[in-house]
Amino acid sequence: MSHHFPEILAPAGSLDKLKVAVLYGANAVYVGGQKFGLRTAADNFTLEELKEGLAFAHERGVQVYVVLNSFLHDKDISELPEFISFLESIKVDAVIVSDLGVVKTVSKLSKIPIHISTQASTLNVEAAKLWKSMGATRIVVGREVSIKEAGKIKREANIEIEMFIHGSMCMAYSGHCVISNFTQGRDSNRGGCAHSCRFEYSLDMGLDTEEKKKAYFMSSKDLEGLRVLPEFINEGIDSLKIEGRMKSHLYAGTMSKVYSEALAYYREHGNFLSEDLIHWESELSKVSHRAYTQASLIEKAGEESIFNERENSSDSEWQMVGKVLEANPKSGIVIEVRNAFNQGDLIEILPFKGPAISILANEITDIMLRPVQRTKPSTLIKLPFVKGVEAFHLVRQKVKA
Ligand code: SF4
């Protein structure tokens with residue numbers, strides 16, 4: 001049986017992260033402009049950056065979708081037409097929309113394909129048919145939908161389907177939550193979510209002390225769908241989305257690399273070897289994350305999906321220490337340092353394809369070739385050339401045993 005293979009859709013919170021995601025194998029990226037998207041704190045793209053990002057991606061056969069998924073008031077809608085004509089002029093591949101008013105405005109003013117955001121909580125065939133009749137070309141189904149249900153929606157509504165395969169989860173129907181509005185004054189449906197569901201709450205309902213301590217009862221584990229990649233393929237899902245426009249370069253690169261390599265492997269062999277799965281899972285564990293869950297991909301998520309622990313953003317054993325700016329057999333490797341490391345440390349270069357390259361950083365110099373004992377963030381350093389290293393490769397280091 002021939003299969004339809006999905007695209008890997010990666011988050012790009014900035015122009016630099018877009019380049020990282022594209023180079024590490026994403027087939028499509030999604031980005032936010034400075035307005036109308038749900039991540040006001042992300043490094044959203046200026047108009048110039050959107051143009052540059054689109055050119056960079058299109059030259060490499062990668063699609064770019066622009067997020068317009070805020071719920072808007074009339075005064076915001078009045079500013080939308082100008083932005084839509086700009087997006088059409090630079091040939092974005094789609095916009096991701098939740099608000100009916102935005103769907104109407106985009107379809108009236110342009111021919112840009114419309115993807116219905118997960119914020120619209122599409123969970124059934126009839127809803128998908130209705131969106132299609134209004135001009136939508138793709139539905140990002142609600143995260144409560146299983147892969148099987150999504151396959152049914154695709155077949156019966158005859159529309160492209162996108163599903164999340166990886167990333168942080170919302171404990172509410174995506175975004176339909178106002179805890180952040182009322183506790184922090186930040187509107188989660190207009191890009192301001194403060195992740196209030198991750199905070200500690202005390203639940204005093206006559207429970208004994210031990211249970212009262214379990215106070216992170218609204219915080220979800222992170223989604224990880226690597227092992228069910230074959231189910232997505234069998235159901236003909238069109239796009240596998242990685243959450244996280246606000247996450248790091250290392251996250252954007254690692255996720256794009258792991259999922260695109262796993263998909264390419266499956267395409268070639270028709271199955272997975274367990275040792276490869278273990279390798280990819282270990283790569284996924286090298287970026288900061290909460291415990292993983294398959295959430296509702298196969299069966300409805302339950303109590304086991306709750307991450308009943310305090311948030312700790314520095315939980316990762318690995319951190320990004322830099323990015324390769326230049327790699328030349330004659331002049332060596334130039335690295336832009338993000339986090340300090342020492343002479344003699346073992347670091348790893350993450351190539352766009354294939355296994356990481358380990359380097360013992362014995363000979364570090366600055367660009368004037370003066371020896372360096374300990375690197376400093378935001379400086380440039382040089383290492384001797386190593387085969388396989390290229391510009392834009394990310395450099396990581398194990399920081400915890
Ligand atoms: S506070 Fe949590 S549940 Fe509410 S919108 Fe934000 S991430 Fe979702």
# chains A, B, ... in the order shown; residues from 1 in each chain; ligands from 1
>>> residues_around(residues="stretch 151-156 of chain A", least_positions_apart="6", cutoff="8 Å", atoms="only C-alpha atoms", output="list in words")
Asn124, Val125, Ala128, Glu235, Gly236 and Ile237 of chain A
>>> residues_near_ligand(ligand="ligand 1", cutoff="7 Å", atoms="only C-alpha atoms and all ligand atoms", output="list of chain:residue names")
A:Met169, A:Cys170, A:Met171, A:Ala172, A:Ser174, A:Gly175, A:His176, A:Cys177, A:Val178, A:Ile179, A:Ser180, A:Ser188, A:Cys193, A:Ala194, A:His195, A:Ser196, A:Cys197, A:Arg198
>>> residues_around(residues="A:Pro329", least_positions_apart="6", cutoff="9 Å", atoms="only C-alpha atoms", output="ChimeraX atom specification")
/A:384-387
>>> write_last_selection(atoms="N, CA and C atoms", output="PDB file, in the first residue's frame")
ATOM      1  N   PRO A 384      40.200  24.244  16.063  1.00  0.00           N
ATOM      2  CA  PRO A 384      40.745  23.645  14.832  1.00  0.00           C
ATOM      3  C   PRO A 384      39.636  22.990  14.020  1.00  0.00           C
ATOM      4  N   PHE A 385      39.833  22.941  12.689  1.00  0.00           N
ATOM      5  CA  PHE A 385      38.794  22.387  11.803  1.00  0.00           C
ATOM      6  C   PHE A 385      38.562  20.902  12.081  1.00  0.00           C
ATOM      7  N   VAL A 386      37.303  20.502  12.024  1.00  0.00           N
ATOM      8  CA  VAL A 386      36.939  19.087  12.127  1.00  0.00           C
ATOM      9  C   VAL A 386      36.013  18.779  10.951  1.00  0.00           C
ATOM     10  N   LYS A 387      36.292  17.676  10.244  1.00  0.00           N
ATOM     11  CA  LYS A 387      35.503  17.302   9.059  1.00  0.00           C
ATOM     12  C   LYS A 387      34.027  17.120   9.435  1.00  0.00           C
TER      13      LYS A 387
END
>>> select_by_dssp(residues="stretch 3-171 of chain A", states="helix (DSSP H, G or I)", output="PyMOL selection string")
chain A and resi 15-23+47-59+74-77+80-89+100-109+118-120+125-133+147-157
>>> write_last_selection(atoms="C-alpha atoms", output="PDB file, in the first residue's frame")
ATOM      1  CA  LEU A  15      14.505  34.600  11.827  1.00  0.00           C
ATOM      2  CA  ASP A  16      17.533  32.778  13.209  1.00  0.00           C
ATOM      3  CA  LYS A  17      15.392  29.916  14.548  1.00  0.00           C
ATOM      4  CA  LEU A  18      13.627  29.709  11.165  1.00  0.00           C
ATOM      5  CA  LYS A  19      16.998  29.157   9.496  1.00  0.00           C
ATOM      6  CA  VAL A  20      17.903  26.526  12.114  1.00  0.00           C
ATOM      7  CA  ALA A  21      14.604  24.627  11.651  1.00  0.00           C
ATOM      8  CA  VAL A  22      14.911  24.728   7.845  1.00  0.00           C
ATOM      9  CA  LEU A  23      18.532  23.570   7.824  1.00  0.00           C
ATOM     10  CA  LEU A  47       7.959  42.733   7.855  1.00  0.00           C
ATOM     11  CA  GLU A  48      11.561  42.711   6.612  1.00  0.00           C
ATOM     12  CA  GLU A  49      12.323  39.551   8.575  1.00  0.00           C
ATOM     13  CA  LEU A  50       9.229  37.865   7.170  1.00  0.00           C
ATOM     14  CA  LYS A  51      10.447  38.640   3.662  1.00  0.00           C
ATOM     15  CA  GLU A  52      13.927  37.343   4.393  1.00  0.00           C
ATOM     16  CA  GLY A  53      12.641  34.239   6.179  1.00  0.00           C
ATOM     17  CA  LEU A  54      10.318  33.402   3.318  1.00  0.00           C
ATOM     18  CA  ALA A  55      13.089  33.767   0.737  1.00  0.00           C
ATOM     19  CA  PHE A  56      15.435  31.579   2.829  1.00  0.00           C
ATOM     20  CA  ALA A  57      12.790  28.857   3.265  1.00  0.00           C
ATOM     21  CA  HIS A  58      11.461  28.916  -0.297  1.00  0.00           C
ATOM     22  CA  GLU A  59      14.976  28.630  -1.756  1.00  0.00           C
ATOM     23  CA  ASP A  74     -13.285  45.149  15.802  1.00  0.00           C
ATOM     24  CA  LYS A  75     -10.565  47.754  16.247  1.00  0.00           C
ATOM     25  CA  ASP A  76      -7.905  45.048  15.627  1.00  0.00           C
ATOM     26  CA  ILE A  77      -9.727  43.661  12.584  1.00  0.00           C
ATOM     27  CA  LEU A  80      -5.799  43.417   9.292  1.00  0.00           C
ATOM     28  CA  PRO A  81      -6.322  44.147   5.531  1.00  0.00           C
ATOM     29  CA  GLU A  82      -2.986  45.898   5.141  1.00  0.00           C
ATOM     30  CA  PHE A  83      -1.119  42.994   6.736  1.00  0.00           C
ATOM     31  CA  ILE A  84      -2.985  40.463   4.600  1.00  0.00           C
ATOM     32  CA  SER A  85      -2.032  42.259   1.359  1.00  0.00           C
ATOM     33  CA  PHE A  86       1.564  42.307   2.530  1.00  0.00           C
ATOM     34  CA  LEU A  87       1.484  38.552   3.255  1.00  0.00           C
ATOM     35  CA  GLU A  88      -0.027  37.865  -0.155  1.00  0.00           C
ATOM     36  CA  SER A  89       2.579  40.041  -1.867  1.00  0.00           C
ATOM     37  CA  LEU A 100     -14.305  33.678  12.234  1.00  0.00           C
ATOM     38  CA  GLY A 101     -13.871  37.377  11.506  1.00  0.00           C
ATOM     39  CA  VAL A 102     -10.259  36.779  10.468  1.00  0.00           C
ATOM     40  CA  VAL A 103     -11.262  33.806   8.274  1.00  0.00           C
ATOM     41  CA  LYS A 104     -13.818  36.014   6.556  1.00  0.00           C
ATOM     42  CA  THR A 105     -11.383  38.921   6.115  1.00  0.00           C
ATOM     43  CA  VAL A 106      -8.572  36.738   4.725  1.00  0.00           C
ATOM     44  CA  SER A 107     -10.851  34.900   2.283  1.00  0.00           C
ATOM     45  CA  LYS A 108     -12.501  38.130   1.106  1.00  0.00           C
ATOM     46  CA  LEU A 109      -9.234  39.976   0.515  1.00  0.00           C
ATOM     47  CA  THR A 118      -6.042  24.318  17.016  1.00  0.00           C
ATOM     48  CA  GLN A 119      -7.510  27.227  19.026  1.00  0.00           C
ATOM     49  CA  ALA A 120     -10.754  26.689  17.093  1.00  0.00           C
ATOM     50  CA  VAL A 125     -16.306  15.921  10.738  1.00  0.00           C
ATOM     51  CA  GLU A 126     -19.211  18.380  10.593  1.00  0.00           C
ATOM     52  CA  ALA A 127     -17.129  21.211  12.042  1.00  0.00           C
ATOM     53  CA  ALA A 128     -14.376  20.448   9.519  1.00  0.00           C
ATOM     54  CA  LYS A 129     -16.908  20.483   6.643  1.00  0.00           C
ATOM     55  CA  LEU A 130     -18.218  23.837   7.809  1.00  0.00           C
ATOM     56  CA  TRP A 131     -14.736  25.347   7.959  1.00  0.00           C
ATOM     57  CA  LYS A 132     -14.068  23.950   4.478  1.00  0.00           C
ATOM     58  CA  SER A 133     -17.245  25.541   3.140  1.00  0.00           C
ATOM     59  CA  ILE A 147      -5.005  10.045  15.420  1.00  0.00           C
ATOM     60  CA  LYS A 148      -7.809   7.667  14.374  1.00  0.00           C
ATOM     61  CA  GLU A 149     -10.481  10.361  14.827  1.00  0.00           C
ATOM     62  CA  ALA A 150      -8.309  12.783  12.843  1.00  0.00           C
ATOM     63  CA  GLY A 151      -8.012  10.239  10.013  1.00  0.00           C
ATOM     64  CA  LYS A 152     -11.811   9.949   9.899  1.00  0.00           C
ATOM     65  CA  ILE A 153     -12.177  13.756   9.781  1.00  0.00           C
ATOM     66  CA  LYS A 154      -9.692  13.864   6.901  1.00  0.00           C
ATOM     67  CA  ARG A 155     -11.468  11.166   4.879  1.00  0.00           C
ATOM     68  CA  GLU A 156     -15.031  12.333   5.482  1.00  0.00           C
ATOM     69  CA  ALA A 157     -14.503  16.084   5.260  1.00  0.00           C
TER      70      ALA A 157
END
>>> select_by_dssp(residues="stretch 99-266 of chain A", states="strand (DSSP E or B)", output="PDB file with C-alpha atoms, in the first residue's frame")
ATOM      1  CA  ILE A 114      -6.361  29.259   5.331  1.00  0.00           C
ATOM      2  CA  HIS A 115      -5.425  26.740   8.022  1.00  0.00           C
ATOM      3  CA  ILE A 116      -7.825  26.607  10.966  1.00  0.00           C
ATOM      4  CA  ALA A 136     -10.366  26.631   4.859  1.00  0.00           C
ATOM      5  CA  THR A 137      -7.885  24.285   3.187  1.00  0.00           C
ATOM      6  CA  ARG A 138      -6.518  22.643   6.343  1.00  0.00           C
ATOM      7  CA  ILE A 139      -7.656  21.965   9.900  1.00  0.00           C
ATOM      8  CA  VAL A 140      -5.240  21.836  12.824  1.00  0.00           C
ATOM      9  CA  GLU A 160      -5.916  18.468   4.952  1.00  0.00           C
ATOM     10  CA  ILE A 161      -5.305  17.614   8.598  1.00  0.00           C
ATOM     11  CA  GLU A 162      -2.525  18.849  10.852  1.00  0.00           C
ATOM     12  CA  MET A 163      -1.848  17.393  14.312  1.00  0.00           C
ATOM     13  CA  PHE A 164       0.588  18.186  17.087  1.00  0.00           C
ATOM     14  CA  ILE A 165       3.261  15.515  17.493  1.00  0.00           C
ATOM     15  CA  HIS A 166       5.451  17.255  20.083  1.00  0.00           C
ATOM     16  CA  GLY A 167       5.568  20.034  22.659  1.00  0.00           C
ATOM     17  CA  SER A 220       0.269  18.847  31.695  1.00  0.00           C
ATOM     18  CA  ASP A 222       4.736  17.473  27.299  1.00  0.00           C
ATOM     19  CA  LEU A 223       3.498  15.669  24.205  1.00  0.00           C
ATOM     20  CA  GLU A 224       5.880  13.262  22.456  1.00  0.00           C
ATOM     21  CA  SER A 239       1.231  17.712   8.746  1.00  0.00           C
ATOM     22  CA  LEU A 240       2.938  16.927  12.059  1.00  0.00           C
ATOM     23  CA  LYS A 241       3.363  20.035  14.117  1.00  0.00           C
ATOM     24  CA  ILE A 242       5.979  20.727  16.760  1.00  0.00           C
TER      25      ILE A 242
END
>>> atom_distance(atom1="atom CA of A:Glu348", atom2="atom CA of A:Arg370")
22.7 Å
>>> closest_atom_pairs(of="stretch 139-236 of chain A", to="stretch 250-263 of chain A", cutoff="9 Å", atoms="only C-alpha atoms", output="JSON lines")
{"residue": "A:His166", "atom": "CA", "partner": "A:Met255", "partner_atom": "CA", "distance": 8.3}
{"residue": "A:Leu226", "atom": "CA", "partner": "A:Tyr259", "partner_atom": "CA", "distance": 7.3}
{"residue": "A:Leu229", "atom": "CA", "partner": "A:Leu263", "partner_atom": "CA", "distance": 7.6}
{"residue": "A:Pro230", "atom": "CA", "partner": "A:Leu263", "partner_atom": "CA", "distance": 8.9}
>>> write_last_selection(atoms="N, CA and C atoms", output="mmCIF file, in the first residue's frame")
data_model
loop_
_atom_site.group_PDB
_atom_site.id
_atom_site.type_symbol
_atom_site.label_atom_id
_atom_site.label_comp_id
_atom_site.auth_asym_id
_atom_site.auth_seq_id
_atom_site.Cartn_x
_atom_site.Cartn_y
_atom_site.Cartn_z
ATOM 1 N N HIS A 166 4.491 17.017 19.001
ATOM 2 C CA HIS A 166 5.451 17.255 20.083
ATOM 3 C C HIS A 166 5.260 18.646 20.703
ATOM 4 N N LEU A 226 6.757 10.348 18.926
ATOM 5 C CA LEU A 226 7.693 9.661 18.026
ATOM 6 C C LEU A 226 7.278 8.221 17.730
ATOM 7 N N LEU A 229 4.487 7.562 15.144
ATOM 8 C CA LEU A 229 4.639 8.115 13.796
ATOM 9 C C LEU A 229 3.945 7.231 12.744
ATOM 10 N N PRO A 230 4.086 5.870 12.816
ATOM 11 C CA PRO A 230 3.404 5.034 11.817
ATOM 12 C C PRO A 230 1.884 5.216 11.825
#
>>> residues_around(residues="A:Arg338", least_positions_apart="4", cutoff="7 Å", atoms="only C-alpha atoms", output="JSON, numbers by chain")
{"A": [320, 321, 322, 377, 378]}
>>> write_last_selection(atoms="N, CA and C atoms", output="mmCIF file, in the first residue's frame")
data_model
loop_
_atom_site.group_PDB
_atom_site.id
_atom_site.type_symbol
_atom_site.label_atom_id
_atom_site.label_comp_id
_atom_site.auth_asym_id
_atom_site.auth_seq_id
_atom_site.Cartn_x
_atom_site.Cartn_y
_atom_site.Cartn_z
ATOM 1 N N MET A 320 22.821 24.384 24.993
ATOM 2 C CA MET A 320 23.493 24.872 23.793
ATOM 3 C C MET A 320 24.607 25.809 24.242
ATOM 4 N N VAL A 321 25.818 25.583 23.739
ATOM 5 C CA VAL A 321 26.907 26.483 24.121
ATOM 6 C C VAL A 321 27.309 27.408 22.978
ATOM 7 N N GLY A 322 26.816 27.130 21.764
ATOM 8 C CA GLY A 322 27.165 28.041 20.680
ATOM 9 C C GLY A 322 26.602 27.620 19.346
ATOM 10 N N PRO A 377 29.970 34.126 26.948
ATOM 11 C CA PRO A 377 28.798 34.305 26.086
ATOM 12 C C PRO A 377 28.925 35.571 25.228
ATOM 13 N N SER A 378 28.356 35.508 24.029
ATOM 14 C CA SER A 378 28.359 36.624 23.071
ATOM 15 C C SER A 378 29.753 36.995 22.564
#
>>> residues_around(residues="A:Val92", least_positions_apart="2", cutoff="8 Å", atoms="only C-alpha atoms", output="number ranges by chain")
A: 54, 63-66, 87-88, 90, 94-95, 112
>>> write_last_selection(atoms="C-alpha atoms", output="PDB file, in the first residue's frame")
ATOM      1  CA  LEU A  54      10.318  33.402   3.318  1.00  0.00           C
ATOM      2  CA  GLN A  63       6.850  26.268   3.244  1.00  0.00           C
ATOM      3  CA  VAL A  64       6.117  29.168   5.600  1.00  0.00           C
ATOM      4  CA  TYR A  65       2.813  29.623   7.435  1.00  0.00           C
ATOM      5  CA  VAL A  66       2.014  32.841   9.289  1.00  0.00           C
ATOM      6  CA  LEU A  87       1.484  38.552   3.255  1.00  0.00           C
ATOM      7  CA  GLU A  88      -0.027  37.865  -0.155  1.00  0.00           C
ATOM      8  CA  ILE A  90       5.439  38.047  -0.306  1.00  0.00           C
ATOM      9  CA  ALA A  94      -0.796  29.808   4.389  1.00  0.00           C
ATOM     10  CA  VAL A  95      -2.138  31.700   7.376  1.00  0.00           C
ATOM     11  CA  ILE A 112      -3.878  32.850   0.775  1.00  0.00           C
TER      12      ILE A 112
END
>>> residues_around(residues="A:Lys323", least_positions_apart="2", cutoff="8 Å", atoms="only C-alpha atoms", output="MDAnalysis selection string")
chainID A and resid 321 325 335:338 391:395
>>> closest_residue(among="A:Arg396, A:Arg245, A:Lys286, A:His279", to="A:Tyr30", atoms="only C-alpha atoms")
A:Arg245
>>> residues_around(residues="A:Trp318", least_positions_apart="6", cutoff="10 Å", atoms="only C-alpha atoms", output="list in words")
Leu250, Ser285, Lys286, Val287, Ser288, Arg396, Gln397, Lys398, Val399, Lys400 and Ala401 of chain A
>>> write_last_selection(atoms="C-alpha atoms", output="mmCIF file, in the first residue's frame")
data_model
loop_
_atom_site.group_PDB
_atom_site.id
_atom_site.type_symbol
_atom_site.label_atom_id
_atom_site.label_comp_id
_atom_site.auth_asym_id
_atom_site.auth_seq_id
_atom_site.Cartn_x
_atom_site.Cartn_y
_atom_site.Cartn_z
ATOM 1 C CA LEU A 250 18.560 23.844 20.319
ATOM 2 C CA SER A 285 15.604 14.116 25.976
ATOM 3 C CA LYS A 286 18.586 16.434 25.384
ATOM 4 C CA VAL A 287 16.396 19.529 25.252
ATOM 5 C CA SER A 288 14.628 21.003 28.252
ATOM 6 C CA ARG A 396 25.882 21.573 22.769
ATOM 7 C CA GLN A 397 27.452 20.325 25.979
ATOM 8 C CA LYS A 398 26.388 17.959 28.711
ATOM 9 C CA VAL A 399 26.104 20.054 31.872
ATOM 10 C CA LYS A 400 24.711 17.542 34.357
ATOM 11 C CA ALA A 401 25.636 13.940 34.984
#
>>> closest_residue(among="A:Asp345, A:Asp93, A:Glu304, A:Glu390", to="A:Val67", atoms="only C-alpha atoms")
A:Asp93
>>> closest_residue(among="A:Thr365, A:Thr375, A:Ser146, A:Thr183", to="A:Phe232", atoms="only C-alpha atoms")
A:Ser146
>>> closest_residue(among="A:Glu79, A:Asp276, A:Glu326, A:Glu303", to="A:Val389", atoms="only C-alpha atoms")
A:Glu326
>>> closest_residue(among="A:Ala264, A:Met134, A:Val372, A:Leu350", to="A:Glu283", atoms="only C-alpha atoms")
A:Leu350
>>> atom_distance(atom1="atom CA of A:Asn362", atom2="atom CA of A:Thr379")
17.8 Å
>>> closest_residue(among="A:Thr293, A:Asn234, A:Ser305, A:Asn44", to="A:Asn271", atoms="only C-alpha atoms")
A:Asn234
>>> decode(residues="stretch 295-310 of chain A", atoms="N, CA and C atoms", output="short mmCIF file (atom, residue, chain, number, x, y, z; two decimals), in the first residue's frame")
data_model
loop_
_atom_site.label_atom_id
_atom_site.label_comp_id
_atom_site.auth_asym_id
_atom_site.auth_seq_id
_atom_site.Cartn_x
_atom_site.Cartn_y
_atom_site.Cartn_z
N ALA A 295 -0.39 11.96 25.44
CA ALA A 295 -1.65 12.71 25.61
C ALA A 295 -2.81 11.92 24.99
N SER A 296 -3.58 12.53 24.09
CA SER A 296 -4.77 11.83 23.56
C SER A 296 -4.54 11.26 22.16
N LEU A 297 -3.27 11.07 21.76
CA LEU A 297 -3.02 10.61 20.39
C LEU A 297 -3.62 9.24 20.13
N ILE A 298 -3.55 8.36 21.13
CA ILE A 298 -4.10 7.01 20.94
C ILE A 298 -5.36 6.84 21.78
N GLU A 299 -5.23 7.07 23.09
CA GLU A 299 -6.41 6.99 23.98
C GLU A 299 -6.54 8.31 24.71
N LYS A 300 -7.72 8.57 25.20
CA LYS A 300 -7.97 9.84 25.89
C LYS A 300 -6.98 10.06 27.04
N ALA A 301 -6.40 11.24 27.11
CA ALA A 301 -5.44 11.53 28.18
C ALA A 301 -6.14 11.50 29.54
N GLY A 302 -5.49 10.97 30.54
CA GLY A 302 -6.07 10.93 31.89
C GLY A 302 -5.09 11.46 32.91
N GLU A 303 -5.24 10.96 34.12
CA GLU A 303 -4.44 11.46 35.23
C GLU A 303 -2.93 11.34 35.00
N GLU A 304 -2.55 10.28 34.22
CA GLU A 304 -1.11 10.05 34.00
C GLU A 304 -0.49 11.15 33.14
N SER A 305 -1.33 12.00 32.55
CA SER A 305 -0.79 13.09 31.73
C SER A 305 -0.46 14.34 32.54
N ILE A 306 -0.77 14.31 33.84
CA ILE A 306 -0.49 15.50 34.67
C ILE A 306 0.96 15.48 35.14
N PHE A 307 1.61 16.62 34.99
CA PHE A 307 3.00 16.76 35.43
C PHE A 307 2.97 17.39 36.81
N ASN A 308 2.90 16.53 37.82
CA ASN A 308 2.62 17.05 39.16
C ASN A 308 3.89 17.52 39.87
N GLU A 309 4.66 18.34 39.16
CA GLU A 309 5.93 18.79 39.75
C GLU A 309 6.15 20.26 39.49
N ARG A 310 7.04 20.82 40.30
CA ARG A 310 7.40 22.22 40.13
C ARG A 310 8.11 22.40 38.79
#
